[in-house]
>>> print(open('protein01.csv').read())   # CSV, C-alpha atoms and all ligand atoms
chain,number,residue,atom,x,y,z
A,13,MET,CA,-5.8,32.5,2.7
A,14,PRO,CA,-6.7,32.6,-1.0
A,15,ILE,CA,-5.2,36.1,-1.6
A,16,GLU,CA,-2.7,36.1,-4.4
A,17,LEU,CA,-0.8,39.1,-5.8
A,18,ALA,CA,-2.2,39.7,-9.2
A,19,THR,CA,0.9,38.7,-11.3
A,20,ASN,CA,0.5,37.4,-14.8
A,21,ASP,CA,0.9,33.9,-13.6
A,22,ALA,CA,-1.7,34.3,-10.9
A,23,VAL,CA,-4.2,35.8,-13.3
A,24,GLU,CA,-3.7,32.9,-15.7
A,25,ILE,CA,-4.3,30.4,-12.9
A,26,ALA,CA,-7.4,32.4,-11.8
A,27,ALA,CA,-8.7,32.4,-15.3
A,28,ARG,CA,-8.4,28.7,-15.4
A,29,ALA,CA,-10.3,28.5,-12.1
A,30,ILE,CA,-13.1,30.6,-13.7
A,31,ARG,CA,-13.2,28.3,-16.7
A,32,SER,CA,-13.6,25.3,-14.5
A,33,GLY,CA,-16.6,26.8,-12.7
A,34,GLN,CA,-14.9,28.2,-9.6
A,35,LEU,CA,-15.2,31.7,-8.1
A,36,VAL,CA,-12.5,34.4,-8.3
A,37,ALA,CA,-12.5,37.8,-6.6
A,38,PHE,CA,-10.7,40.5,-8.7
A,39,PRO,CA,-10.2,44.2,-8.6
A,40,THR,CA,-12.0,46.6,-10.9
A,41,GLU,CA,-11.6,50.3,-11.0
A,42,THR,CA,-14.8,50.6,-8.9
A,43,VAL,CA,-14.7,47.9,-6.2
A,44,TYR,CA,-13.6,44.2,-6.0
A,45,GLY,CA,-15.9,41.8,-7.9
A,46,LEU,CA,-16.8,38.2,-7.2
A,47,GLY,CA,-16.6,36.5,-10.6
A,48,ALA,CA,-17.8,33.3,-12.1
A,49,ASP,CA,-18.3,32.0,-15.7
A,50,ALA,CA,-21.5,33.8,-16.7
A,51,THR,CA,-22.4,31.0,-19.1
A,52,CYS,CA,-22.5,28.3,-16.3
A,53,GLY,CA,-25.5,28.3,-14.0
A,54,LEU,CA,-23.8,26.1,-11.4
A,55,ALA,CA,-20.9,28.5,-11.2
A,56,VAL,CA,-23.2,31.5,-10.9
A,57,ALA,CA,-25.2,29.7,-8.1
A,58,LYS,CA,-21.9,29.7,-6.1
A,59,ILE,CA,-21.9,33.5,-6.2
A,60,TYR,CA,-25.3,33.8,-4.6
A,61,GLU,CA,-24.3,31.1,-2.1
A,62,ALA,CA,-21.0,32.9,-1.2
A,63,LYS,CA,-22.7,36.3,-0.8
A,64,GLN,CA,-25.6,34.7,1.2
A,65,ARG,CA,-28.1,36.8,-0.8
A,66,PRO,CA,-31.7,36.1,0.4
A,67,SER,CA,-32.9,36.7,-3.2
A,68,PHE,CA,-31.6,36.4,-6.8
A,69,ASN,CA,-30.6,39.9,-7.8
A,70,PRO,CA,-29.4,40.0,-11.4
A,71,LEU,CA,-25.7,40.3,-11.7
A,72,ILE,CA,-23.5,42.6,-13.8
A,73,ILE,CA,-21.9,40.7,-16.7
A,74,HIS,CA,-18.3,41.8,-17.4
A,75,VAL,CA,-16.9,41.6,-20.9
A,76,LEU,CA,-13.7,42.6,-22.7
A,77,ASP,CA,-15.1,45.1,-25.2
A,78,LEU,CA,-18.2,46.4,-27.0
A,79,GLN,CA,-18.1,43.7,-29.6
A,80,SER,CA,-18.4,41.0,-26.9
A,81,ALA,CA,-21.1,43.0,-25.1
A,82,ALA,CA,-23.1,43.0,-28.4
A,83,GLN,CA,-23.2,39.2,-28.4
A,84,TYR,CA,-25.2,39.2,-25.2
A,85,GLY,CA,-27.2,42.4,-25.3
A,86,ASN,CA,-29.0,44.5,-27.9
A,87,LEU,CA,-27.3,47.9,-27.7
A,88,ASN,CA,-29.2,50.5,-29.7
A,89,ILE,CA,-27.8,53.8,-30.8
A,90,LEU,CA,-28.2,55.4,-27.3
A,91,ALA,CA,-26.6,52.5,-25.5
A,92,ARG,CA,-23.7,52.5,-28.0
A,93,ARG,CA,-23.2,56.2,-27.5
A,94,LEU,CA,-22.8,55.5,-23.8
A,95,ALA,CA,-20.6,52.5,-24.3
A,96,GLU,CA,-18.3,54.3,-26.8
A,97,THR,CA,-18.0,57.3,-24.5
A,98,PHE,CA,-17.4,55.5,-21.1
A,99,TRP,CA,-16.1,52.0,-21.9
A,100,PRO,CA,-13.8,50.7,-20.7
A,101,GLY,CA,-14.9,52.3,-17.4
A,102,PRO,CA,-17.3,52.4,-14.5
A,103,LEU,CA,-20.5,52.3,-16.5
A,104,THR,CA,-23.0,49.4,-16.6
A,105,VAL,CA,-25.7,49.5,-19.2
A,106,VAL,CA,-28.9,47.5,-18.9
A,107,VAL,CA,-30.3,46.5,-22.3
A,108,PRO,CA,-32.5,43.7,-23.7
A,109,ARG,CA,-30.8,40.2,-23.6
A,110,THR,CA,-30.1,38.9,-27.1
A,111,PRO,CA,-32.2,35.8,-28.0
A,112,GLN,CA,-30.4,32.5,-27.5
A,113,SER,CA,-27.8,34.3,-25.3
A,114,LYS,CA,-25.3,31.9,-23.8
A,115,ILE,CA,-25.5,33.7,-20.4
A,116,ALA,CA,-27.0,31.6,-17.7
A,117,GLU,CA,-30.6,32.6,-16.8
A,118,LEU,CA,-29.6,32.7,-13.1
A,119,ALA,CA,-27.0,35.4,-13.9
A,120,THR,CA,-29.8,37.7,-15.1
A,121,ALA,CA,-32.3,36.3,-12.5
A,122,GLY,CA,-34.6,35.2,-15.3
A,123,LEU,CA,-35.0,38.8,-16.7
A,124,GLU,CA,-35.2,39.7,-20.3
A,125,THR,CA,-32.6,42.4,-19.8
A,126,ILE,CA,-28.9,42.1,-19.1
A,127,ALA,CA,-26.5,44.4,-17.3
A,128,LEU,CA,-23.2,44.8,-19.2
A,129,ARG,CA,-20.0,46.4,-18.3
A,130,VAL,CA,-16.5,46.7,-19.8
A,131,PRO,CA,-14.1,47.4,-16.9
A,132,ALA,CA,-10.9,49.4,-17.2
A,133,HIS,CA,-8.8,47.9,-14.5
A,134,PRO,CA,-5.8,46.1,-16.0
A,135,VAL,CA,-6.3,43.0,-13.7
A,136,ALA,CA,-10.0,42.7,-14.6
A,137,CYS,CA,-9.1,43.1,-18.3
A,138,ALA,CA,-6.3,40.5,-18.1
A,139,LEU,CA,-8.7,38.1,-16.3
A,140,LEU,CA,-11.4,38.6,-19.0
A,141,ARG,CA,-8.9,38.1,-21.8
A,142,GLN,CA,-7.5,34.9,-20.3
A,143,ALA,CA,-10.9,33.5,-19.2
A,144,ALA,CA,-12.0,34.1,-22.8
A,145,GLY,CA,-15.6,34.5,-21.9
A,146,PRO,CA,-18.1,36.7,-20.0
A,147,ILE,CA,-17.7,36.9,-16.2
A,148,ALA,CA,-20.7,37.5,-13.9
A,149,ALA,CA,-19.6,39.6,-11.0
A,150,PRO,CA,-21.4,41.4,-8.3
A,151,SER,CA,-19.4,43.2,-5.6
A,152,ALA,CA,-17.4,40.8,-3.6
A,153,ASN,CA,-19.0,41.4,-0.2
A,154,ARG,CA,-21.5,39.5,1.8
A,155,SER,CA,-25.1,40.6,1.2
A,156,GLY,CA,-25.9,43.7,3.2
A,157,HIS,CA,-22.2,44.6,3.8
A,158,VAL,CA,-20.4,47.5,2.2
A,159,SER,CA,-18.6,46.9,-1.1
A,160,PRO,CA,-14.9,45.9,-0.8
A,161,THR,CA,-12.2,48.1,-2.0
A,162,SER,CA,-9.2,45.9,-1.1
A,163,ALA,CA,-8.3,42.2,-1.2
A,164,ALA,CA,-8.3,42.2,2.6
A,165,HIS,CA,-12.0,43.4,2.7
A,166,VAL,CA,-13.0,40.6,0.4
A,167,CYS,CA,-11.2,38.0,2.5
A,168,ALA,CA,-12.8,39.4,5.7
A,169,ASP,CA,-16.2,39.0,4.2
A,170,LEU,CA,-16.0,35.9,2.0
A,171,GLY,CA,-13.1,33.9,3.5
A,172,ASP,CA,-12.2,31.1,1.2
A,173,ALA,CA,-15.4,31.0,-0.8
A,174,PRO,CA,-13.4,32.3,-3.8
A,175,ALA,CA,-10.7,30.0,-5.1
A,176,PHE,CA,-8.6,33.1,-5.5
A,177,ILE,CA,-8.7,36.7,-4.4
A,178,LEU,CA,-6.5,38.5,-6.9
A,179,ASP,CA,-4.8,41.4,-5.1
A,180,GLY,CA,-4.4,44.4,-7.3
A,181,GLY,CA,-4.1,46.9,-4.4
A,182,PRO,CA,-6.9,49.3,-3.4
A,183,THR,CA,-9.5,50.0,-6.1
A,184,PRO,CA,-8.9,53.5,-7.7
A,185,LEU,CA,-12.5,54.7,-7.5
A,186,GLY,CA,-13.9,52.9,-4.6
A,187,LEU,CA,-17.5,53.6,-5.7
A,188,GLU,CA,-19.8,51.3,-7.6
A,189,SER,CA,-20.4,51.6,-11.3
A,190,THR,CA,-23.2,53.9,-12.5
A,191,ILE,CA,-26.1,51.8,-13.9
A,192,VAL,CA,-28.1,53.1,-16.8
A,193,ALA,CA,-31.0,51.2,-18.4
A,194,VAL,CA,-31.6,52.0,-22.1
A,195,CYS,CA,-35.0,51.2,-23.5
A,196,ASP,CA,-36.0,52.5,-26.9
A,197,GLN,CA,-34.9,56.1,-27.1
A,198,GLN,CA,-34.9,56.7,-23.3
A,199,ALA,CA,-32.2,56.2,-20.8
A,200,THR,CA,-32.9,55.7,-17.1
A,201,LEU,CA,-30.5,56.2,-14.2
A,202,LEU,CA,-30.9,53.1,-12.1
A,203,ARG,CA,-27.9,53.6,-9.8
A,204,ALA,CA,-25.8,56.7,-9.3
A,205,GLY,CA,-22.1,55.9,-9.3
A,206,ALA,CA,-18.7,56.8,-10.4
A,207,ILE,CA,-19.9,58.5,-13.7
A,208,THR,CA,-22.0,61.5,-13.0
A,209,ARG,CA,-25.4,62.4,-14.3
A,210,ASP,CA,-24.0,65.5,-16.1
A,211,GLU,CA,-21.3,63.4,-17.8
A,212,LEU,CA,-24.0,60.9,-19.0
A,213,GLN,CA,-26.4,63.6,-20.1
A,214,SER,CA,-23.8,65.4,-22.2
A,215,ALA,CA,-22.8,62.1,-23.9
A,216,LEU,CA,-26.5,61.3,-24.5
A,217,GLY,CA,-27.5,64.7,-25.6
A,218,GLN,CA,-30.7,64.3,-23.6
A,219,SER,CA,-31.9,64.1,-20.0
A,220,LEU,CA,-31.9,60.9,-18.0
A,221,LEU,CA,-35.2,59.6,-16.7
A,222,GLU,CA,-35.7,58.7,-13.0
A,223,PRO,CA,-36.8,55.1,-12.4
A,224,CYS,CA,-40.5,55.0,-11.8
A,225,ARG,CA,-42.0,52.4,-9.5
A,226,GLY,CA,-43.5,49.5,-11.6
A,227,GLY,CA,-41.8,50.8,-14.7
A,228,LYS,CA,-40.0,48.4,-17.0
A,229,TYR,CA,-36.6,48.7,-15.4
A,230,ALA,CA,-37.7,50.1,-12.1
A,231,PRO,CA,-36.1,48.6,-9.0
A,232,ALA,CA,-39.0,47.7,-6.7
A,233,ALA,CA,-36.7,48.1,-3.7
A,234,PRO,CA,-32.9,48.7,-3.7
A,235,GLY,CA,-31.4,46.0,-5.8
A,236,GLN,CA,-34.8,44.5,-6.7
A,237,LEU,CA,-36.7,44.7,-9.9
A,238,ALA,CA,-40.3,44.9,-10.8
A,239,ARG,CA,-40.1,43.0,-14.0
A,240,HIS,CA,-39.1,39.6,-12.9
A,241,TYR,CA,-40.3,36.8,-14.9
A,242,ALA,CA,-43.8,36.0,-13.7
A,243,PRO,CA,-45.2,32.6,-14.5
A,244,ARG,CA,-48.6,32.4,-16.2
A,245,SER,CA,-49.6,29.3,-14.2
A,246,THR,CA,-50.4,29.4,-10.5
A,247,LEU,CA,-47.6,28.0,-8.3
A,248,ARG,CA,-48.8,25.8,-5.5
A,249,LEU,CA,-45.9,25.7,-3.0
A,250,ASN,CA,-44.9,23.0,-0.6
A,251,ALA,CA,-46.9,20.4,-2.4
A,252,ALA,CA,-46.3,16.9,-1.2
A,253,ALA,CA,-47.4,15.6,-4.6
A,254,PRO,CA,-49.0,17.1,-7.8
A,255,GLY,CA,-52.8,17.0,-8.3
A,256,ILE,CA,-54.5,15.8,-11.4
A,257,GLY,CA,-53.7,18.2,-14.3
A,258,GLU,CA,-50.9,19.9,-12.5
A,259,ALA,CA,-47.4,20.2,-13.7
A,260,TRP,CA,-44.8,19.2,-11.1
A,261,LEU,CA,-41.7,21.2,-10.2
A,262,ALA,CA,-39.9,18.6,-8.0
A,263,PHE,CA,-36.9,18.7,-5.8
A,264,GLY,CA,-35.0,15.7,-4.4
A,265,PRO,CA,-35.5,11.9,-5.0
A,266,VAL,CA,-39.2,11.9,-5.9
A,267,GLY,CA,-39.3,9.4,-8.7
A,268,THR,CA,-40.7,10.2,-12.2
A,269,ALA,CA,-44.1,8.5,-12.1
A,270,HIS,CA,-46.0,11.8,-12.8
A,271,GLN,CA,-48.1,11.8,-16.0
A,272,GLY,CA,-48.0,15.6,-16.7
A,273,ALA,CA,-45.2,18.1,-17.3
A,274,PHE,CA,-42.4,17.4,-14.9
A,275,PHE,CA,-39.0,19.0,-14.0
A,276,ASN,CA,-36.8,18.0,-11.1
A,277,LEU,CA,-34.7,20.9,-10.0
A,278,SER,CA,-32.2,18.5,-8.5
A,279,PRO,CA,-32.9,14.8,-8.1
A,280,SER,CA,-30.1,14.5,-5.5
A,281,GLY,CA,-31.4,17.5,-3.5
A,282,ASP,CA,-28.5,19.8,-4.3
A,283,LEU,CA,-29.6,23.5,-3.8
A,284,ARG,CA,-26.8,24.8,-6.1
A,285,GLU,CA,-28.1,22.6,-9.0
A,286,ALA,CA,-31.7,23.6,-8.2
A,287,ALA,CA,-30.8,27.3,-8.3
A,288,ALA,CA,-29.0,26.8,-11.7
A,289,ASN,CA,-32.1,25.1,-13.1
A,290,LEU,CA,-34.8,27.3,-11.5
A,291,PHE,CA,-35.6,29.9,-14.3
A,292,ALA,CA,-35.4,27.4,-17.1
A,293,ALA,CA,-37.6,25.0,-15.2
A,294,LEU,CA,-40.3,27.7,-14.6
A,295,ARG,CA,-40.3,28.6,-18.2
A,296,GLU,CA,-40.6,25.0,-19.4
A,297,LEU,CA,-43.4,24.1,-17.1
A,298,ASP,CA,-45.2,27.3,-17.7
A,299,ALA,CA,-45.2,26.6,-21.4
A,300,SER,CA,-46.9,23.2,-20.8
A,301,ALA,CA,-50.6,22.9,-20.9
A,302,GLY,CA,-51.3,22.7,-17.1
A,303,GLU,CA,-53.1,25.5,-15.2
A,304,ALA,CA,-51.0,25.1,-12.1
A,305,ILE,CA,-47.6,24.0,-11.1
A,306,ALA,CA,-47.2,22.0,-7.9
A,307,VAL,CA,-43.8,22.8,-6.3
A,308,SER,CA,-42.1,20.3,-3.9
A,309,PRO,CA,-41.0,21.7,-0.5
A,310,ILE,CA,-37.5,23.2,-0.7
A,311,PRO,CA,-35.4,23.7,2.4
A,312,GLU,CA,-35.0,27.3,3.6
A,313,THR,CA,-31.2,26.8,4.2
A,314,GLY,CA,-28.4,28.3,2.1
A,315,LEU,CA,-29.5,28.9,-1.5
A,316,GLY,CA,-32.9,27.6,-0.6
A,317,GLU,CA,-33.8,30.9,0.9
A,318,ALA,CA,-33.3,32.7,-2.5
A,319,ILE,CA,-35.1,29.9,-4.4
A,320,ASN,CA,-38.1,30.1,-2.1
A,321,ASP,CA,-38.1,33.9,-2.3
A,322,ARG,CA,-38.4,33.6,-6.0
A,323,LEU,CA,-41.0,31.0,-5.9
A,324,ARG,CA,-43.1,32.9,-3.4
A,325,ARG,CA,-43.0,36.0,-5.7
A,326,GLY,CA,-44.1,33.7,-8.5
A,327,ALA,CA,-47.0,32.4,-6.4
A,328,ALA,CA,-48.1,35.9,-5.3
A,329,PRO,CA,-51.4,36.8,-7.1
A,330,ASN,CA,-50.4,40.4,-7.6
A,331,PRO,CA,-48.0,40.6,-10.6
A,332,SER,CA,-46.5,43.8,-9.3
A,333,ALA,CA,-45.2,41.7,-6.4
A,334,ALA,CA,-43.5,39.3,-8.8
A,401,LIG,P1,-23.5,44.8,-7.7
A,401,LIG,O1,-23.0,44.0,-8.8
A,401,LIG,O2,-23.4,44.2,-6.4
A,401,LIG,O3,-22.9,46.2,-7.8
A,401,LIG,O4,-25.1,45.0,-8.0
A,401,LIG,C1,-25.5,44.9,-9.3
A,401,LIG,C2,-26.7,45.8,-9.5
A,401,LIG,O5,-27.0,45.8,-10.9
A,401,LIG,C3,-27.9,45.5,-8.7
A,401,LIG,O6,-28.4,46.6,-8.0
A,401,LIG,C4,-28.9,45.0,-9.7
A,401,LIG,O7,-30.2,45.3,-9.4
A,401,LIG,C5,-28.4,45.8,-11.0
A,401,LIG,N1,-28.8,45.0,-12.2
A,401,LIG,C6,-28.2,44.0,-12.7
A,401,LIG,N2,-28.9,43.5,-13.8
A,401,LIG,C7,-29.9,44.3,-14.0
A,401,LIG,C8,-31.0,44.3,-14.9
A,401,LIG,N3,-31.1,43.4,-15.9
A,401,LIG,N4,-31.9,45.3,-14.8
A,401,LIG,C9,-31.8,46.3,-13.8
A,401,LIG,N5,-30.8,46.3,-12.9
A,401,LIG,C10,-29.9,45.3,-13.0
A,402,MG,MG,-23.2,45.1,-4.5
>>> encode(input="protein01.csv", output="structure tokens")
Amino acid sequence: MPIELATNDAVEIAARAIRSGQLVAFPTETVYGLGADATCGLAVAKIYEAKQRPSFNPLIIHVLDLQSAAQYGNLNILARRLAETFWPGPLTVVVPRTPQSKIAELATAGLETIALRVPAHPVACALLRQAAGPIAAPSANRSGHVSPTSAAHVCADLGDAPAFILDGGPTPLGLESTIVAVCDQQATLLRAGAITRDELQSALGQSLLEPCRGGKYAPAAPGQLARHYAPRSTLRLNAAAPGIGEAWLAFGPVGTAHQGAFFNLSPSGDLREAAANLFAALRELDASAGEAIAVSPIPETGLGEAINDRLRRGAAPNPSAA
């Protein structure tokens, strides 16, 4: 059983595990989170694997304070007003990613926005301080299950997928963080949560918008976003080999004889590595001259399901499906 009482020593060991690319479940004031080093694509891939998510939802990036948040996201005056009022606390703000951000693309699911939060729970704060870097952490439950509010819930759902489950007792709020997207001079409530609409509106001095379907930050379905990165090139899926003039997004031991643009998601056929490389690979090949990208078959098992989901969205002709 990976449950450890969240003593100072345990937090220090858990922080070391985070720094070495492992997963750690930890309490926040909302629910338990499943954390990984947000700058390491391979570590972030383990989160999706453990949760068995069939798609790559962007994750909330936890940081120690507003100053760290500003390294990874562009917080305008409105976003800062929210942050200064509610951080540390159960508020997540979605803002544009900073250019050259160190956050792994997989953590933001290839989006140009980033969800940032400064938690208030002492164990979460101690872990962030010791890990000395941003922690990507969705709720520590299996996809489709309810969010965990105790270490035992995490263990029942995720078993020993996390190297440690830091036990800080039941979470005080037991309700997910409120998510607000801030774009220009408008704030949109993406998810109702522990902080109420009235509290937000009085801090903002203006009304919150409702997410509109197809809008910039609109969730297309619960937990899904309309504005996923859509490649310009056509994706040709399950291609045995690239045609003339096509770029090649390969997977597994295929050799490198291809003349055109080429990216192998994982020469050894490792789905975790493929997930970590996916968004950078799509951008790189998309920027190459080819009209189409031939994509090698990728198994539908484990992380392959989410990778294929993303590729199928990229291959769909209707950009609103992307
Ligand atoms: P969880 O961490 O399990 O509470 O879920 C995280 C929630 O944050 C999901 O519903 C995501 O869709 C949402 N989220 C994370 N990043 C973004 C983003 N860049 N834009 C909009 N929503 C986001
Ligand atoms: Mg969740």
>>> closest_residue(input="protein01.csv", among="A:Leu178, A:Ile207, A:Cys195, A:Val266", to="ligand LIG 401 (chain A)", atoms="all atoms listed in the file")
A:Cys195
>>> residues_around(input="protein01.csv", residues="segment 306-318 of chain A", least_positions_apart="6", cutoff="7 Å", atoms="only C-alpha atoms", output="ChimeraX atom specification")
/A:61,65-68,247-252,254,258-263,283-284
>>> write_last_selection(input="protein01.csv", atoms="C-alpha atoms", output="mmCIF file, keeping the file's coordinate frame")
data_model
loop_
_atom_site.group_PDB
_atom_site.id
_atom_site.type_symbol
_atom_site.label_atom_id
_atom_site.label_comp_id
_atom_site.auth_asym_id
_atom_site.auth_seq_id
_atom_site.Cartn_x
_atom_site.Cartn_y
_atom_site.Cartn_z
ATOM 1 C CA GLU A 61 -24.300 31.100 -2.100
ATOM 2 C CA ARG A 65 -28.100 36.800 -0.800
ATOM 3 C CA PRO A 66 -31.700 36.100 0.400
ATOM 4 C CA SER A 67 -32.900 36.700 -3.200
ATOM 5 C CA PHE A 68 -31.600 36.400 -6.800
ATOM 6 C CA LEU A 247 -47.600 28.000 -8.300
ATOM 7 C CA ARG A 248 -48.800 25.800 -5.500
ATOM 8 C CA LEU A 249 -45.900 25.700 -3.000
ATOM 9 C CA ASN A 250 -44.900 23.000 -0.600
ATOM 10 C CA ALA A 251 -46.900 20.400 -2.400
ATOM 11 C CA ALA A 252 -46.300 16.900 -1.200
ATOM 12 C CA PRO A 254 -49.000 17.100 -7.800
ATOM 13 C CA GLU A 258 -50.900 19.900 -12.500
ATOM 14 C CA ALA A 259 -47.400 20.200 -13.700
ATOM 15 C CA TRP A 260 -44.800 19.200 -11.100
ATOM 16 C CA LEU A 261 -41.700 21.200 -10.200
ATOM 17 C CA ALA A 262 -39.900 18.600 -8.000
ATOM 18 C CA PHE A 263 -36.900 18.700 -5.800
ATOM 19 C CA LEU A 283 -29.600 23.500 -3.800
ATOM 20 C CA ARG A 284 -26.800 24.800 -6.100
#
>>> residues_near_ligand(input="protein01.csv", ligand="ligand MG 402 (chain A)", cutoff="12 Å", atoms="all atoms listed in the file", output="PyMOL selection string")
chain A and resi 42-46+59-60+63+65+69-72+149-161+187-191+203+205+234-236
>>> closest_residue(input="protein01.csv", among="A:Pro279, A:Pro100, A:Gly186, A:Gly145", to="ligand LIG 401 (chain A)", atoms="all atoms listed in the file")
A:Gly186
>>> atom_distance(input="protein01.csv", atom1="atom CA of Thr110 of chain A", atom2="atom CA of Ala81 of chain A")
10.1 Å
>>> closest_residue(input="protein01.csv", among="A:Gly101, A:Pro174, A:Gly272, A:Pro14", to="Ala48 of chain A", atoms="all atoms listed in the file")
A:Pro174
>>> atom_distance(input="protein01.csv", atom1="atom CA of Lys58 of chain A", atom2="atom CA of Gly85 of chain A")
23.6 Å
>>> closest_residue(input="protein01.csv", among="A:Ala91, A:Ile256, A:Val75, A:Ala175", to="Ala55 of chain A", atoms="only C-alpha atoms")
A:Ala175
>>> closest_residue(input="protein01.csv", among="A:Leu294, A:Ala288, A:Ala204, A:Leu90", to="ligand LIG 401 (chain A)", atoms="only C-alpha atoms and all ligand atoms")
A:Ala204
>>> residues_around(input="protein01.csv", residues="Ala143 of chain A", least_positions_apart="5", cutoff="7 Å", atoms="only C-alpha atoms", output="PDB file with C-alpha atoms, in the frame of the given file")
ATOM      1  CA  ALA A  27      -8.700  32.400 -15.300  1.00  0.00           C
ATOM      2  CA  ARG A  28      -8.400  28.700 -15.400  1.00  0.00           C
ATOM      3  CA  ILE A  30     -13.100  30.600 -13.700  1.00  0.00           C
ATOM      4  CA  ARG A  31     -13.200  28.300 -16.700  1.00  0.00           C
TER       5      ARG A  31
END
>>> residues_around(input="protein01.csv", residues="Ala215 of chain A", least_positions_apart="2", cutoff="8 Å", atoms="all atoms listed in the file", output="list of chain:residue names")
A:Arg93, A:Leu94, A:Thr97, A:Glu211, A:Leu212, A:Gln213, A:Gly217
>>> write_last_selection(input="protein01.csv", atoms="C-alpha atoms", output="PDB file, keeping the file's coordinate frame")
ATOM      1  CA  ARG A  93     -23.200  56.200 -27.500  1.00  0.00           C
ATOM      2  CA  LEU A  94     -22.800  55.500 -23.800  1.00  0.00           C
ATOM      3  CA  THR A  97     -18.000  57.300 -24.500  1.00  0.00           C
ATOM      4  CA  GLU A 211     -21.300  63.400 -17.800  1.00  0.00           C
ATOM      5  CA  LEU A 212     -24.000  60.900 -19.000  1.00  0.00           C
ATOM      6  CA  GLN A 213     -26.400  63.600 -20.100  1.00  0.00           C
ATOM      7  CA  GLY A 217     -27.500  64.700 -25.600  1.00  0.00           C
TER       8      GLY A 217
END
>>> axis_aligned_box(input="protein01.csv", around="segment 166-176 of chain A", padding_each_side="6 Å", output="lines of an AutoDock Vina configuration file")
center_x = -12.4
center_y = 35.3
center_z = 0.1
size_x = 19.6
size_y = 22.6
size_z = 23.2
>>> closest_residue(input="protein01.csv", among="A:Phe291, A:Glu296, A:Gln79, A:Ala62", to="Cys167 of chain A", atoms="all atoms listed in the file")
A:Ala62
>>> atom_distance(input="protein01.csv", atom1="atom CA of Glu124 of chain A", atom2="atom CA of Ala292 of chain A")
12.7 Å
>>> residues_around(input="protein01.csv", residues="Thr51 of chain A", least_positions_apart="6", cutoff="8 Å", atoms="all atoms listed in the file", output="list of chain:residue names")
A:Lys114, A:Ile115, A:Ala116, A:Pro146
>>> residues_near_point(input="protein01.csv", point="(-38.2, 18.5, -18.1)", cutoff="8 Å", atoms="only C-alpha atoms", output="list of chain:residue names")
A:Ala273, A:Phe274, A:Phe275, A:Asn276, A:Ala293, A:Glu296, A:Leu297
>>> residues_around(input="protein01.csv", residues="Val107 of chain A", least_positions_apart="2", cutoff="6 Å", atoms="all atoms listed in the file", output="ChimeraX atom specification")
/A:85,125-126,194
>>> build_atoms(input="protein01.csv", residues="segment 159-168 of chain A", atoms="N, CA, C and O atoms", output="PDB file, keeping the file's coordinate frame")
ATOM      1  N   SER A 159     -19.396  47.488  -0.032  1.00  0.00           N
ATOM      2  CA  SER A 159     -18.600  46.900  -1.100  1.00  0.00           C
ATOM      3  C   SER A 159     -17.096  46.995  -0.756  1.00  0.00           C
ATOM      4  O   SER A 159     -16.633  47.959  -0.152  1.00  0.00           O
ATOM      5  N   PRO A 160     -16.344  45.962  -1.141  1.00  0.00           N
ATOM      6  CA  PRO A 160     -14.900  45.900  -0.800  1.00  0.00           C
ATOM      7  C   PRO A 160     -14.031  46.656  -1.722  1.00  0.00           C
ATOM      8  O   PRO A 160     -14.182  46.571  -2.941  1.00  0.00           O
ATOM      9  N   THR A 161     -13.085  47.390  -1.173  1.00  0.00           N
ATOM     10  CA  THR A 161     -12.200  48.100  -2.000  1.00  0.00           C
ATOM     11  C   THR A 161     -10.725  47.638  -1.863  1.00  0.00           C
ATOM     12  O   THR A 161      -9.799  48.238  -2.370  1.00  0.00           O
ATOM     13  N   SER A 162     -10.561  46.518  -1.137  1.00  0.00           N
ATOM     14  CA  SER A 162      -9.200  45.900  -1.100  1.00  0.00           C
ATOM     15  C   SER A 162      -9.391  44.396  -0.944  1.00  0.00           C
ATOM     16  O   SER A 162     -10.469  43.902  -0.586  1.00  0.00           O
ATOM     17  N   ALA A 163      -8.312  43.681  -1.256  1.00  0.00           N
ATOM     18  CA  ALA A 163      -8.300  42.200  -1.200  1.00  0.00           C
ATOM     19  C   ALA A 163      -8.627  41.770   0.259  1.00  0.00           C
ATOM     20  O   ALA A 163      -9.333  40.784   0.489  1.00  0.00           O
ATOM     21  N   ALA A 164      -8.111  42.520   1.219  1.00  0.00           N
ATOM     22  CA  ALA A 164      -8.300  42.200   2.600  1.00  0.00           C
ATOM     23  C   ALA A 164      -9.819  42.278   3.000  1.00  0.00           C
ATOM     24  O   ALA A 164     -10.344  41.441   3.748  1.00  0.00           O
ATOM     25  N   HIS A 165     -10.506  43.287   2.455  1.00  0.00           N
ATOM     26  CA  HIS A 165     -12.000  43.400   2.700  1.00  0.00           C
ATOM     27  C   HIS A 165     -12.675  42.167   2.200  1.00  0.00           C
ATOM     28  O   HIS A 165     -13.582  41.638   2.838  1.00  0.00           O
ATOM     29  N   VAL A 166     -12.292  41.726   0.992  1.00  0.00           N
ATOM     30  CA  VAL A 166     -13.000  40.600   0.400  1.00  0.00           C
ATOM     31  C   VAL A 166     -12.743  39.353   1.290  1.00  0.00           C
ATOM     32  O   VAL A 166     -13.679  38.608   1.603  1.00  0.00           O
ATOM     33  N   CYS A 167     -11.507  39.190   1.731  1.00  0.00           N
ATOM     34  CA  CYS A 167     -11.200  38.000   2.500  1.00  0.00           C
ATOM     35  C   CYS A 167     -11.936  38.056   3.863  1.00  0.00           C
ATOM     36  O   CYS A 167     -12.467  37.033   4.314  1.00  0.00           O
ATOM     37  N   ALA A 168     -12.055  39.234   4.452  1.00  0.00           N
ATOM     38  CA  ALA A 168     -12.800  39.400   5.700  1.00  0.00           C
ATOM     39  C   ALA A 168     -14.239  38.966   5.559  1.00  0.00           C
ATOM     40  O   ALA A 168     -14.840  38.377   6.446  1.00  0.00           O
TER      41      ALA A 168
END
